[in-house]
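J.: One structure is given below, represented as structure tokens, and several questions about it will come after.
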Amino acid sequence: MDPYAAPGADFAAEERADLPMVRYARMVLIGLAALNGLFAIGVPVLYGLIPMLDPSMDAEAVPVMIGVGLCGGLMVFGMGVVPMVAAVMGLNRGAKWGWILTVIIGALYVPSLCLPVGAFLLYAMLNEEVRKPFLDS
């Protein structure tokens, strides 16, 4: 390979998965998935505790609050944990769909309070050293 040429289609999937920025992005995604998983577990617990700690609530409110908490937890799990685990699996394989999913996740995190995380994911995936091998595959 010519050291002065831009990386191209001669990158194998294992080489794409071993790029430094891809490894850092995988670590960030794993951390975010773990935090979202904890949040998905905590939401139903907190919603279940609210009616038990507030004696002014009716007895009919307990199942409703637990149901709302379970729905919230399942939504956080389905929209927060599953896509990130899928993106990590795709990046581990060096697959183009993993790169695309990571760019989408980064773009969704940019307009939120997690701006630094989203900006880092976008920077890591849209960096020339990472973007070129994934788009040429």
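Just remember, in the structure tokens the first chain shown is A, the second B, etc., residues are 1-based per chain, and ligands are 1-based in the order shown.
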Which residues of region 45-136 of chain A come within 9 Å of region 14-32 of chain A, and what is each one's closest atom pair and distance in Å (one decimal), counting only C-alpha atoms, sorted by chain and residue number, as JSON lines?
T.:
```
{"residue": "A:Gly80", "atom": "CA", "partner": "A:Leu32", "partner_atom": "CA", "distance": 8.3}
{"residue": "A:Val81", "atom": "CA", "partner": "A:Leu32", "partner_atom": "CA", "distance": 7.9}
{"residue": "A:Met84", "atom": "CA", "partner": "A:Leu29", "partner_atom": "CA", "distance": 5.8}
{"residue": "A:Val85", "atom": "CA", "partner": "A:Ile30", "partner_atom": "CA", "distance": 7.1}
{"residue": "A:Ala87", "atom": "CA", "partner": "A:Leu29", "partner_atom": "CA", "distance": 7.8}
{"residue": "A:Val88", "atom": "CA", "partner": "A:Arg26", "partner_atom": "CA", "distance": 5.5}
{"residue": "A:Met89", "atom": "CA", "partner": "A:Arg26", "partner_atom": "CA", "distance": 8.8}
{"residue": "A:Gly90", "atom": "CA", "partner": "A:Ala17", "partner_atom": "CA", "distance": 8.9}
{"residue": "A:Leu91", "atom": "CA", "partner": "A:Ala17", "partner_atom": "CA", "distance": 5.8}
{"residue": "A:Asn92", "atom": "CA", "partner": "A:Ala17", "partner_atom": "CA", "distance": 5.4}
{"residue": "A:Arg93", "atom": "CA", "partner": "A:Ala17", "partner_atom": "CA", "distance": 6.3}
{"residue": "A:Gly94", "atom": "CA", "partner": "A:Ala17", "partner_atom": "CA", "distance": 4.6}
{"residue": "A:Ala95", "atom": "CA", "partner": "A:Ala17", "partner_atom": "CA", "distance": 8.3}
{"residue": "A:Trp99", "atom": "CA", "partner": "A:Val22", "partner_atom": "CA", "distance": 8.8}
{"residue": "A:Thr102", "atom": "CA", "partner": "A:Ala25", "partner_atom": "CA", "distance": 8.2}
{"residue": "A:Val117", "atom": "CA", "partner": "A:Val28", "partner_atom": "CA", "distance": 7.7}
{"residue": "A:Phe120", "atom": "CA", "partner": "A:Ala25", "partner_atom": "CA", "distance": 7.9}
{"residue": "A:Leu121", "atom": "CA", "partner": "A:Ala25", "partner_atom": "CA", "distance": 6.0}
{"residue": "A:Tyr123", "atom": "CA", "partner": "A:Met21", "partner_atom": "CA", "distance": 8.9}
{"residue": "A:Ala124", "atom": "CA", "partner": "A:Met21", "partner_atom": "CA", "distance": 5.3}
{"residue": "A:Met125", "atom": "CA", "partner": "A:Val22", "partner_atom": "CA", "distance": 7.2}
{"residue": "A:Asn127", "atom": "CA", "partner": "A:Met21", "partner_atom": "CA", "distance": 8.3}
{"residue": "A:Glu129", "atom": "CA", "partner": "A:Leu19", "partner_atom": "CA", "distance": 8.1}
{"residue": "A:Val130", "atom": "CA", "partner": "A:Leu19", "partner_atom": "CA", "distance": 7.1}
{"residue": "A:Pro133", "atom": "CA", "partner": "A:Arg16", "partner_atom": "CA", "distance": 6.6}
{"residue": "A:Phe134", "atom": "CA", "partner": "A:Arg16", "partner_atom": "CA", "distance": 7.1}
```
J.: Give me, as an NGL selection string, the residues of chain A that a backbone DSSP run labels alpha helix (DSSP H).
T.: :A and (13-17 or 20-53 or 61-76 or 82-93 or 96-109 or 115-126 or 128-135)
J.: Can you list, as a PDB file with C-alpha atoms, in the first residue's frame, every protein, DNA or RNA residue that comes within 12 Å of region 35-52 of chain A when you count only C-alpha atoms, leaving out same-chain residues fewer than 5 positions away?
T.:
```pdb
ATOM      1  CA  VAL A  28     -18.360   5.594  24.080  1.00  0.00           C
ATOM      2  CA  LEU A  29     -21.312   3.627  22.695  1.00  0.00           C
ATOM      3  CA  ILE A  30     -20.826   0.861  25.276  1.00  0.00           C
ATOM      4  CA  MET A  57     -52.378   8.795  46.218  1.00  0.00           C
ATOM      5  CA  ASP A  58     -55.258   6.418  45.620  1.00  0.00           C
ATOM      6  CA  ALA A  59     -54.745   2.670  45.550  1.00  0.00           C
ATOM      7  CA  GLU A  60     -55.807   2.682  41.888  1.00  0.00           C
ATOM      8  CA  ALA A  61     -52.801   4.859  41.041  1.00  0.00           C
ATOM      9  CA  VAL A  62     -50.259   2.181  41.965  1.00  0.00           C
ATOM     10  CA  PRO A  63     -50.823  -0.127  38.956  1.00  0.00           C
ATOM     11  CA  VAL A  64     -51.105   2.868  36.626  1.00  0.00           C
ATOM     12  CA  MET A  65     -47.807   4.328  37.818  1.00  0.00           C
ATOM     13  CA  ILE A  66     -46.073   0.959  37.589  1.00  0.00           C
ATOM     14  CA  GLY A  67     -47.450   0.496  34.056  1.00  0.00           C
ATOM     15  CA  VAL A  68     -46.256   3.967  33.021  1.00  0.00           C
ATOM     16  CA  GLY A  69     -42.844   3.183  34.498  1.00  0.00           C
ATOM     17  CA  LEU A  70     -42.622  -0.134  32.658  1.00  0.00           C
ATOM     18  CA  CYS A  71     -43.604   1.491  29.369  1.00  0.00           C
ATOM     19  CA  GLY A  72     -41.015   4.228  29.909  1.00  0.00           C
ATOM     20  CA  GLY A  73     -38.339   1.691  30.775  1.00  0.00           C
ATOM     21  CA  LEU A  74     -39.127  -0.437  27.720  1.00  0.00           C
ATOM     22  CA  MET A  75     -39.065   2.650  25.523  1.00  0.00           C
ATOM     23  CA  VAL A  76     -35.667   3.716  26.875  1.00  0.00           C
ATOM     24  CA  PHE A  77     -34.361   0.172  26.423  1.00  0.00           C
ATOM     25  CA  GLY A  78     -35.723  -0.160  22.894  1.00  0.00           C
ATOM     26  CA  MET A  79     -34.655   3.274  21.686  1.00  0.00           C
ATOM     27  CA  GLY A  80     -31.496   3.740  23.749  1.00  0.00           C
ATOM     28  CA  VAL A  81     -29.821   0.426  24.432  1.00  0.00           C
ATOM     29  CA  VAL A  82     -30.684  -1.741  21.423  1.00  0.00           C
ATOM     30  CA  PRO A  83     -29.460   0.661  18.687  1.00  0.00           C
ATOM     31  CA  MET A  84     -26.199   1.303  20.525  1.00  0.00           C
ATOM     32  CA  VAL A  85     -25.500  -2.387  21.029  1.00  0.00           C
TER      33      VAL A  85
END
```
J.: Quick one: distance from CA of Ala86 (chain A) to CA of Leu122 (chain A) in Å, one decimal?
T.: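 Spanning CA of Ala86 (chain A) to CA of Leu122 (chain A) is a straight-line distance of 17.0 Å.
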J.: Provide the CA of Ala119 (chain A) to CA of Ala33 (chain A) distance in Å, to one decimal place.
T.: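 So the two atoms, CA of Ala119 (chain A) and CA of Ala33 (chain A), lie 16.9 Å apart.
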